[in-house]
Amino acid sequence: MKKYIAKRVAFSLFSILVVLLTVMTLVFSLIERSVIFQTDDTWNKRSLNDRTYYEYSQYQKYGYVEMANFTGFLSQKYSEKLGPNYTEDPSFIADRAAIQSSSWSSNASVKEFISKYEDEGYEIIRLDPITYKDGKSKPGGTGYLLAVRERSSFARLADYLKGLIKVETINDVTDPALTDRYVRWEKDPYSGLFARVGSGTTHKYQLYFDNRFPFIHQNKIRLNLGVSYTRYRGQEITGVITQPVGDLKPVRTQFPSKVGTDEYVETAIDFHQLTYNYSELTQAEKENYPDRYTVAGYRRSGLSMLENSFVIGLVATIMAYLFGLPLGILVARKKDSWIDKLGMGAIIFFMAVPSLAYIFLFAAVGTRLFGLPYKFATASIKILAYILPTISLAIPQTLSLMKWMRRYMIDQMNSDYVKFARAEGLSEREIFSSHISRNAVIPIVHGIPASILGCLTGAIITERVYSVPGVGNLLTTAINGHDNGIIIACTLFYTSLSVISLILGDLLMAKVDPRISFESKAGR
Amino acid sequence: MTNDEKMTVNEAELFTFIDNDSIESERIIAPRYSYWKSVFRVFFRKKSNWFFLGALIALLLCAFVLPIFCPYNPNENVTRAATFNLSPAKALAYFKGDGKFFKWILGTGSQGNSIFYGIWSSARTSLLLAMICAAINMSIGILVGAIWGYSKRIDQVMLVVYNIVANVPYILIITVIVYVISAGFWSFVFALTVTGWLGIAYFFRTQVMIIRDREYSLASRCLGTPTLRIVNKNLLPFLTSVIVTLLATELPSYISYEVFLSYIGVGLSANVASLGRMIQEAQTSFITFPWAFWSPVAVASILSITLYVLGQNLADASDPRTHM
């Protein structure tokens with residue numbers, strides 16, 4: 001059994017890799033890459049050579065290409081030779097200025113740069129300086145010398161997998177000005193308890209307590225599914241889907257430097273989420289924070305995208321199992337009666353009609369007849385806004401379960417053991433409840449992990465119709481917005497979930513039915 | 001003459017000897033059985049099937065013949081803002097001089113377009129898409145599934161392929177492909193068929209395997225029946241109802257996919273009228289202008305239900321066990 005599971009898990013990992021590689025190859029090679037600049041303000045502000053350079057640096061950031069810049073190459077070369085004060089060296093300044101002249105190719109460092117990168121398969125790109133007639137440089141017209149190489153899908157996949165799990169260490173912050181690096185227990189002024197505080201780590205608080213479920217939080221280990229390209233420009237997708245999405249929630253609190261004084265402020269800044277600030281500190285930041293950990297997220301009310309989808313999906317799934325299975329047994333018992341025909345009519349309706357149609361039907365009925373809120377954002381009482389999406393998910397799921405339960409029950413009803421039970425004089429009720437339904441439920445059990453884990457992927461149409469802030473539309477909006485980062489993340493997320501639920505389903509089925517075994521049989 | 005003698009004489013007069021006819025003894029005295037005749041007999045015994053068949057023919061006529069005589073032009077009134085989003089009564093009043101009663105019977109859409117003509121043009125697109133996709137997926141799926149189920153060596157290879165592809169949600173595959181190779185009718189067909197046949201092949205493989213190992217198939221093989229004959233005579237009659245059942249669920253599912261994909265914004269391109277696009281365009285105002293929204297929804301639903309019910313009933317009828 002253990003051997004079987006190990007084999008299954010290994011194969012599943014392999015298939016996830018194959019799928020990721022395929023989707024990466026498709027998405028990165030077949031889609032016009034310049035679409036990531038469609039909504040990029042920085043790109044709009046830049047012009048001429050600066051814009052081209054910005055494009056290449058963004059392509060590098062998003063994993064399309066590997067790029068080397070001549071200036072960076074010089075910095076490295078001279079800092080190795082001369083130490084940290086290389087910027088004042090006259091030959092460095094001369095070399096750096098060389099690419100702004102028309103005789104750039106005769107410079108020794110340029111030749112070295114070109115030969116080094118051409119050997120490694122890079123393409124050398126020269127952006128000539130663009131000047132006015134009087135010789136002055138146009139804005140954005142600085143000359144550049146770049147070496148660019150396309151990345152292979154394998155390298156991209158390897159990098160992606162390498163960055164999948166991030167563990168914060170005290171060497172995360174690359175700022176050389178930070179010398180005091182540690183992780184230690186300190187008294188946490190915000191919870192009144194102790195917290196693990198780091199210096200040199202990306203987040204200041206590594207482990208802390210607060211009053212939000214599950215009360216103990218950590219920033220040490222993070223699952224990093226990748227970075228969004230366009231939709232949530234530059235944000236980590238894991239953060240996007242797990243952070244609350246409601247309104248800002250200000251509380252009465254104190255800035256870190258003001259702890260102990262009587263200066264309180266009403267702010268939504270979450271001081272437990274402070275991260276390192278590399279840029280120059282403003283006067284206010286210097287006053288309010290004792291260190292350079294000044295970048296913080298905001299406290300928001302409500303649930304995160306993932307939680308929203310999961311709550312709706314889970315309640316709907318539980319309702320479906322609670323109602324679907326007994327209803328399936330009922331219509332199977334009353335086969336060919338009016339109740340069976342009614343049930344089958346409903347099943348056919350929901351199977352054949354596009355889901356979009358009946359979800360809008362529920363929306364129309366729910367808002368007109370019961371006055372339930374239609375759009376999530378405009379609902380005055382948030383909890384009521386969950387009702388219609390949940391029902392819209394639950395009813396088709398209930399009917400589908402009912403359909404399969406009826407099918408399996410009827411298949412079992414003609415079995416020999418049922419005839420035997422009847423011949424022995426067992427009551428119909430006993431036969432149905434303890435003999436047939438037990439056998440009929442085995443294939444149903446197989447789908448339970450899939451339906452529970454499937455709630456994490458959200459429901460595309462339902463969430464869109466009621467504008468639920470959930471994860472269901474992450475993939476579809478990413479596709480419309482050309483956001484490769486989210487597409488890859490969704491591929492990994494969906495594929496892993498479906499693989500896990502298949503394995504769990506098989507194991508659960510073997511648990512319920514002792515006749516099923518995964519040991520290899522002889523002679524097969 | 002004794003009594004005994006009398007009897008013998010009588011018997012000889014009454015009975016005559018008949019030779020044992022070996023050919024005649026092989027004849028089976030049973031009513032003549034024709035498979036397809038029985039299928040249709042069982043199918044038409046159900047009164048509701050007449051109704052659904054009539055409905056399907058009407059729908060097909062409307063979808064394929066009507067657009068020839070009444071071509072749909074979504075932009076004909078685009079410059080006349082007064083014609084936008086009219087209810088049926090208002091549209092009929094506005095276009096009184098037009099002389100085309102049916103054209104405006106369902107009102108106008110957000111661009112002053114005729115909804116009635118629009119739904120039938122769209123229905124043709126949806127039906128064509130469903131038929132082409134079903135034809136491709138079913139024929140590849142059944143062919144591959146039959147070989148896959150019959151050969152154990154191919155089975156091992158195909159299972160690996162299937163297990164990899166089946167792990168990816170179908171929606172992900174379709175959306176990524178439509179996204180990658182720009183939306184259009186044929187790229188849509190490609191997206192729906194590139195992996196769509198695999199599920200059908202897997203289902204079919206299981207069915208073939210079940211019947212392949214039945215005793216009578218084994219007996220045929222032992223007697224030296226050629227494979228092709230076994231497939232023709234032993235497997236196919238059993239699989240006909242399976243194929244029709246598959247078809248009954250596949251056809252409506254493609255209509256659903258088109259509606260769904262257009263709704264999320266990766267559907268057919270803008271110049272092709274399709275049910276999904278009509279629904280998507282009308283959905284923002286589905287409470288204020290219900291006609292534009294519910295008409296295509298109704299056509300998609302009726303089309304799907306009719307195809308599904310007819311298919312299921314035909315599948316039931318094509319199962320030889322119902323021919324009693």
# chains A, B, ... in the order shown; residues from 1 in each chain; ligands from 1

call {"tool": "select_by_dssp", "arguments": {"residues": "stretch 103-201 of chain A", "states": "alpha helix (DSSP H)", "output": "list of chain:residue names"}}
result
A:Ala108, A:Ser109, A:Val110, A:Lys111, A:Glu112, A:Phe113, A:Ile114, A:Ser115, A:Lys116, A:Tyr117, A:Glu118, A:Asp119, A:Ser153, A:Phe154, A:Ala155, A:Arg156, A:Leu157, A:Ala158, A:Asp159, A:Tyr160, A:Leu161, A:Lys162

call {"tool": "write_last_selection", "arguments": {"atoms": "C-alpha atoms", "output": "short mmCIF file (atom, residue, chain, number, x, y, z; two decimals), in the first residue's frame"}}
result
data_model
loop_
_atom_site.label_atom_id
_atom_site.label_comp_id
_atom_site.auth_asym_id
_atom_site.auth_seq_id
_atom_site.Cartn_x
_atom_site.Cartn_y
_atom_site.Cartn_z
CA ALA A 108 38.50 48.11 -24.69
CA SER A 109 35.85 47.44 -22.04
CA VAL A 110 33.15 47.43 -24.71
CA LYS A 111 35.08 44.85 -26.70
CA GLU A 112 35.51 42.77 -23.58
CA PHE A 113 31.77 43.01 -22.84
CA ILE A 114 30.81 42.03 -26.37
CA SER A 115 33.17 39.08 -26.63
CA LYS A 116 32.19 37.79 -23.18
CA TYR A 117 28.46 37.78 -23.84
CA GLU A 118 28.62 36.73 -27.49
CA ASP A 119 30.46 33.61 -26.37
CA SER A 153 11.26 26.93 -20.67
CA PHE A 154 13.30 24.52 -18.59
CA ALA A 155 15.33 27.32 -16.98
CA ARG A 156 12.12 29.22 -16.35
CA LEU A 157 10.48 26.20 -14.75
CA ALA A 158 13.56 25.51 -12.60
CA ASP A 159 13.61 29.11 -11.36
CA TYR A 160 9.89 29.02 -10.66
CA LEU A 161 10.17 25.84 -8.63
CA LYS A 162 13.22 27.17 -6.78
#

call {"tool": "closest_atom_pairs", "arguments": {"of": "chain A", "to": "chain B", "cutoff": "6 Å", "atoms": "only C-alpha atoms", "output": "CSV"}}
result
residue,atom,partner,partner_atom,distance
A:Ser15,CA,B:Ile164,CA,5.0
A:Ile31,CA,B:Val180,CA,5.8
A:Ala352,CA,B:Ser304,CA,5.2
A:Val353,CA,B:Ser301,CA,4.6
A:Pro354,CA,B:Ser256,CA,4.7
A:Ala357,CA,B:Val297,CA,5.8
A:Thr495,CA,B:Val168,CA,5.3
A:Val499,CA,B:Asn167,CA,5.9

call {"tool": "residues_around", "arguments": {"residues": "A:Tyr59", "least_positions_apart": "2", "cutoff": "12 Å", "atoms": "only C-alpha atoms", "output": "PyMOL selection string"}}
result
chain A and resi 28+32-37+52-57+61-67+148-151+229+484

call {"tool": "residues_around", "arguments": {"residues": "stretch 233-239 of chain A", "least_positions_apart": "3", "cutoff": "12 Å", "atoms": "only C-alpha atoms", "output": "ChimeraX atom specification"}}
result
/A:36-42,58,61-62,163-166,219,222-230,242-245,273,297,304-306,471,474-475,478,481-490,493

call {"tool": "write_last_selection", "arguments": {"atoms": "N, CA and C atoms", "output": "short mmCIF file (atom, residue, chain, number, x, y, z; two decimals), in the first residue's frame"}}
result
data_model
loop_
_atom_site.label_atom_id
_atom_site.label_comp_id
_atom_site.auth_asym_id
_atom_site.auth_seq_id
_atom_site.Cartn_x
_atom_site.Cartn_y
_atom_site.Cartn_z
N ILE A 36 2.21 43.24 -21.70
CA ILE A 36 2.32 43.56 -20.27
C ILE A 36 2.49 45.05 -20.04
N PHE A 37 2.77 45.81 -21.11
CA PHE A 37 2.94 47.26 -20.91
C PHE A 37 1.66 48.04 -21.13
N GLN A 38 0.58 47.32 -21.50
CA GLN A 38 -0.65 48.04 -21.84
C GLN A 38 -1.14 48.96 -20.74
N THR A 39 -0.99 48.54 -19.51
CA THR A 39 -1.52 49.37 -18.41
C THR A 39 -0.39 49.84 -17.50
N ASP A 40 0.83 49.87 -18.03
CA ASP A 40 1.97 50.19 -17.19
C ASP A 40 2.29 51.69 -17.26
N ASP A 41 2.15 52.39 -16.12
CA ASP A 41 2.38 53.84 -16.11
C ASP A 41 3.84 54.19 -16.35
N THR A 42 4.74 53.40 -15.76
CA THR A 42 6.16 53.70 -15.91
C THR A 42 6.55 53.65 -17.39
N GLN A 58 12.00 44.76 -17.77
CA GLN A 58 10.77 44.11 -17.36
C GLN A 58 10.70 42.68 -17.89
N LYS A 61 12.64 40.72 -15.62
CA LYS A 61 11.96 40.54 -14.34
C LYS A 61 10.90 39.45 -14.44
N TYR A 62 10.18 39.41 -15.56
CA TYR A 62 9.11 38.44 -15.70
C TYR A 62 9.57 37.14 -16.34
N GLY A 163 11.84 29.14 -6.46
CA GLY A 163 11.28 30.22 -5.65
C GLY A 163 9.94 29.89 -5.03
N LEU A 164 9.50 28.64 -5.18
CA LEU A 164 8.15 28.28 -4.76
C LEU A 164 7.96 28.40 -3.25
N ILE A 165 8.96 27.97 -2.50
CA ILE A 165 8.87 28.08 -1.05
C ILE A 165 9.95 29.03 -0.58
N LYS A 166 9.54 30.10 0.05
CA LYS A 166 10.49 31.11 0.50
C LYS A 166 10.63 31.02 2.01
N ASN A 219 5.50 34.84 9.38
CA ASN A 219 5.94 35.33 8.08
C ASN A 219 7.21 34.62 7.64
N ARG A 222 6.90 31.10 3.37
CA ARG A 222 5.79 31.50 2.52
C ARG A 222 5.78 30.63 1.28
N LEU A 223 4.56 30.30 0.85
CA LEU A 223 4.42 29.65 -0.45
C LEU A 223 4.30 30.76 -1.47
N ASN A 224 5.22 30.78 -2.42
CA ASN A 224 5.22 31.86 -3.39
C ASN A 224 4.85 31.31 -4.76
N LEU A 225 3.59 31.55 -5.15
CA LEU A 225 3.12 31.00 -6.43
C LEU A 225 3.57 31.84 -7.62
N GLY A 226 4.25 32.92 -7.34
CA GLY A 226 4.71 33.76 -8.45
C GLY A 226 4.19 35.17 -8.28
N VAL A 227 4.56 36.01 -9.21
CA VAL A 227 4.22 37.42 -9.12
C VAL A 227 3.28 37.77 -10.26
N SER A 228 2.25 38.54 -9.94
CA SER A 228 1.31 38.97 -10.97
C SER A 228 1.98 39.98 -11.89
N TYR A 229 1.69 39.89 -13.19
CA TYR A 229 2.33 40.80 -14.14
C TYR A 229 1.57 42.10 -14.28
N THR A 230 0.29 41.96 -14.63
CA THR A 230 -0.44 43.17 -14.99
C THR A 230 -1.59 43.47 -14.04
N THR A 242 -4.83 35.51 -0.26
CA THR A 242 -5.04 35.15 1.15
C THR A 242 -5.26 36.36 2.05
N GLN A 243 -5.11 37.58 1.51
CA GLN A 243 -5.33 38.74 2.37
C GLN A 243 -6.78 39.22 2.25
N PRO A 244 -7.36 39.70 3.37
CA PRO A 244 -8.76 40.15 3.31
C PRO A 244 -8.96 41.24 2.27
N VAL A 245 -10.14 41.25 1.67
CA VAL A 245 -10.38 42.19 0.58
C VAL A 245 -11.49 43.20 0.90
N GLN A 273 2.86 43.62 9.78
CA GLN A 273 3.26 43.25 8.41
C GLN A 273 4.37 44.15 7.88
N GLY A 297 1.36 46.71 5.15
CA GLY A 297 0.07 46.50 4.51
C GLY A 297 -1.02 47.12 5.38
N SER A 304 -10.71 36.90 2.90
CA SER A 304 -9.83 36.97 1.74
C SER A 304 -10.53 36.34 0.54
N MET A 305 -9.94 36.50 -0.64
CA MET A 305 -10.53 35.91 -1.84
C MET A 305 -10.70 34.41 -1.70
N LEU A 306 -9.66 33.78 -1.18
CA LEU A 306 -9.69 32.33 -1.03
C LEU A 306 -10.78 31.91 -0.06
N VAL A 471 -11.73 33.65 -5.73
CA VAL A 471 -10.62 33.24 -6.59
C VAL A 471 -11.09 32.66 -7.93
N LEU A 474 -9.95 34.44 -11.02
CA LEU A 474 -8.53 34.78 -11.10
C LEU A 474 -7.97 34.41 -12.46
N LEU A 475 -8.25 33.18 -12.88
CA LEU A 475 -7.68 32.70 -14.15
C LEU A 475 -8.29 33.45 -15.33
N ALA A 478 -7.14 36.94 -15.52
CA ALA A 478 -5.72 36.94 -15.87
C ALA A 478 -5.57 36.74 -17.37
N GLY A 481 -6.45 39.87 -19.06
CA GLY A 481 -5.48 40.92 -18.81
C GLY A 481 -4.07 40.53 -19.19
N HIS A 482 -3.89 39.40 -19.85
CA HIS A 482 -2.57 38.92 -20.29
C HIS A 482 -1.61 38.82 -19.11
N ASP A 483 -2.06 38.26 -18.01
CA ASP A 483 -1.21 38.19 -16.83
C ASP A 483 -0.61 36.78 -16.71
N ASN A 484 0.55 36.60 -17.32
CA ASN A 484 1.16 35.27 -17.34
C ASN A 484 1.44 34.73 -15.94
N GLY A 485 1.83 35.62 -15.04
CA GLY A 485 2.15 35.18 -13.68
C GLY A 485 0.98 34.46 -13.04
N ILE A 486 -0.20 35.06 -13.15
CA ILE A 486 -1.37 34.44 -12.54
C ILE A 486 -1.76 33.16 -13.29
N ILE A 487 -1.59 33.15 -14.61
CA ILE A 487 -1.95 31.94 -15.37
C ILE A 487 -1.11 30.76 -14.89
N ILE A 488 0.19 30.99 -14.74
CA ILE A 488 1.08 29.90 -14.28
C ILE A 488 0.69 29.48 -12.86
N ALA A 489 0.47 30.49 -12.00
CA ALA A 489 0.11 30.17 -10.62
C ALA A 489 -1.17 29.35 -10.57
N CYS A 490 -2.17 29.76 -11.37
CA CYS A 490 -3.44 29.04 -11.38
C CYS A 490 -3.24 27.62 -11.90
N PHE A 493 -1.79 25.65 -9.12
CA PHE A 493 -2.76 25.53 -8.03
C PHE A 493 -3.86 24.53 -8.40
#

call {"tool": "atom_distance", "arguments": {"atom1": "atom CA of B:Asp319", "atom2": "atom CA of A:Val445"}}
result
29.6 Å

call {"tool": "residues_around", "arguments": {"residues": "B:Val194", "least_positions_apart": "4", "cutoff": "10 Å", "atoms": "only C-alpha atoms", "output": "ChimeraX atom specification"}}
result
/B:133,136-137,173-174,177,188-190,198

call {"tool": "residues_around", "arguments": {"residues": "A:Arg184", "least_positions_apart": "5", "cutoff": "10 Å", "atoms": "only C-alpha atoms", "output": "PyMOL selection string"}}
result
chain A and resi 195-199+205-206

call {"tool": "atom_distance", "arguments": {"atom1": "atom CA of B:Phe43", "atom2": "atom CA of B:Phe238"}}
result
17.3 Å

call {"tool": "residues_around", "arguments": {"residues": "A:Asn49", "least_positions_apart": "4", "cutoff": "9 Å", "atoms": "only C-alpha atoms", "output": "compact mmCIF listing (two decimals) with N, CA and C atoms, in the first residue's frame"}}
result
# COMPACT_ATOMS: atom_id res chain seq x y z
N TYR A 53 14.97 50.24 -22.88
CA TYR A 53 15.72 49.63 -21.78
C TYR A 53 14.76 49.12 -20.70
N TYR A 54 13.75 49.92 -20.40
CA TYR A 54 12.77 49.52 -19.40
C TYR A 54 12.06 48.23 -19.84
N LEU A 127 21.83 50.62 -28.38
CA LEU A 127 20.88 51.70 -28.56
C LEU A 127 21.67 52.99 -28.66
N ASP A 128 21.78 53.54 -29.88
CA ASP A 128 22.58 54.74 -30.08
C ASP A 128 21.94 55.92 -29.35
N PRO A 129 22.78 56.79 -28.80
CA PRO A 129 22.23 57.98 -28.14
C PRO A 129 21.49 58.85 -29.15
N ILE A 130 20.36 59.38 -28.72
CA ILE A 130 19.54 60.22 -29.61
C ILE A 130 19.69 61.65 -29.12
N GLY A 140 15.41 60.82 -22.41
CA GLY A 140 15.23 59.39 -22.68
C GLY A 140 16.12 58.90 -23.80
N GLY A 141 16.98 59.76 -24.30
CA GLY A 141 17.79 59.36 -25.45
C GLY A 141 19.17 58.84 -25.10
N THR A 142 19.39 58.50 -23.86
CA THR A 142 20.70 58.00 -23.44
C THR A 142 21.05 56.74 -24.23
N GLY A 143 22.36 56.58 -24.55
CA GLY A 143 22.79 55.38 -25.26
C GLY A 143 22.88 54.19 -24.31
N TYR A 144 22.59 53.02 -24.82
CA TYR A 144 22.70 51.81 -24.00
C TYR A 144 23.45 50.75 -24.77

call {"tool": "select_by_dssp", "arguments": {"residues": "stretch 44-279 of chain A", "states": "strand (DSSP E)", "output": "VMD selection string"}}
result
chain A and resid 65 to 69 123 to 127 144 to 150 165 to 167 182 to 187 194 to 199 205 to 209 216 to 218 221 to 223 251 to 253 265 to 267 275 to 276

call {"tool": "write_last_selection", "arguments": {"atoms": "C-alpha atoms", "output": "short mmCIF file (atom, residue, chain, number, x, y, z; two decimals), in the first residue's frame"}}
result
data_model
loop_
_atom_site.label_atom_id
_atom_site.label_comp_id
_atom_site.auth_asym_id
_atom_site.auth_seq_id
_atom_site.Cartn_x
_atom_site.Cartn_y
_atom_site.Cartn_z
CA VAL A 65 14.93 37.00 -21.20
CA GLU A 66 18.29 37.21 -19.47
CA MET A 67 19.85 40.61 -19.85
CA ALA A 68 23.21 42.18 -19.03
CA ASN A 69 23.77 45.92 -19.05
CA GLU A 123 22.59 38.96 -28.64
CA ILE A 124 24.29 42.37 -28.37
CA ILE A 125 21.88 45.28 -28.63
CA ARG A 126 23.21 48.78 -29.14
CA LEU A 127 20.88 51.70 -28.56
CA TYR A 144 22.70 51.81 -24.00
CA LEU A 145 24.71 48.69 -24.64
CA LEU A 146 22.87 45.53 -23.68
CA ALA A 147 23.31 41.81 -24.05
CA VAL A 148 20.06 39.84 -24.26
CA ARG A 149 19.36 36.12 -24.35
CA GLU A 150 16.01 34.28 -24.52
CA ILE A 165 8.87 28.08 -1.05
CA LYS A 166 10.49 31.11 0.50
CA VAL A 167 12.12 30.87 3.91
CA TYR A 182 19.29 39.04 14.34
CA VAL A 183 16.10 37.11 15.07
CA ARG A 184 14.98 37.12 18.70
CA TRP A 185 11.99 37.06 21.02
CA GLU A 186 10.75 40.49 22.01
CA LYS A 187 7.77 41.86 23.82
CA PHE A 194 5.79 37.96 22.89
CA ALA A 195 6.72 37.93 19.21
CA ARG A 196 9.67 36.72 17.22
CA VAL A 197 11.22 39.84 15.70
CA GLY A 198 13.85 39.87 13.01
CA SER A 199 16.28 42.38 11.63
CA TYR A 205 7.67 40.13 12.63
CA GLN A 206 8.46 36.48 12.00
CA LEU A 207 5.94 35.04 14.44
CA TYR A 208 3.24 36.96 16.25
CA PHE A 209 -0.18 36.77 17.82
CA ILE A 216 -1.05 32.90 15.66
CA HIS A 217 0.64 34.08 12.45
CA GLN A 218 4.02 33.69 10.88
CA ILE A 221 7.88 30.45 5.49
CA ARG A 222 5.79 31.50 2.52
CA LEU A 223 4.42 29.65 -0.45
CA VAL A 251 -8.02 50.89 14.81
CA ARG A 252 -6.68 53.05 17.60
CA THR A 253 -3.02 52.23 17.87
CA VAL A 265 -3.52 57.42 16.07
CA GLU A 266 -6.48 56.05 14.20
CA THR A 267 -4.93 54.07 11.34
CA THR A 275 8.78 45.09 5.64
CA TYR A 276 12.14 46.63 4.89
#

call {"tool": "atom_distance", "arguments": {"atom1": "atom CA of A:Tyr358", "atom2": "atom CA of B:Leu268"}}
result
22.0 Å

call {"tool": "closest_residue", "arguments": {"among": "B:Ile211, B:Ala93, B:Ala58, B:Ala30", "to": "B:Ala146", "atoms": "only C-alpha atoms"}}
result
B:Ile211

call {"tool": "closest_residue", "arguments": {"among": "B:Asn20, B:Ser110, B:Thr125, B:Thr83", "to": "B:Trp186", "atoms": "only C-alpha atoms"}}
result
B:Thr125
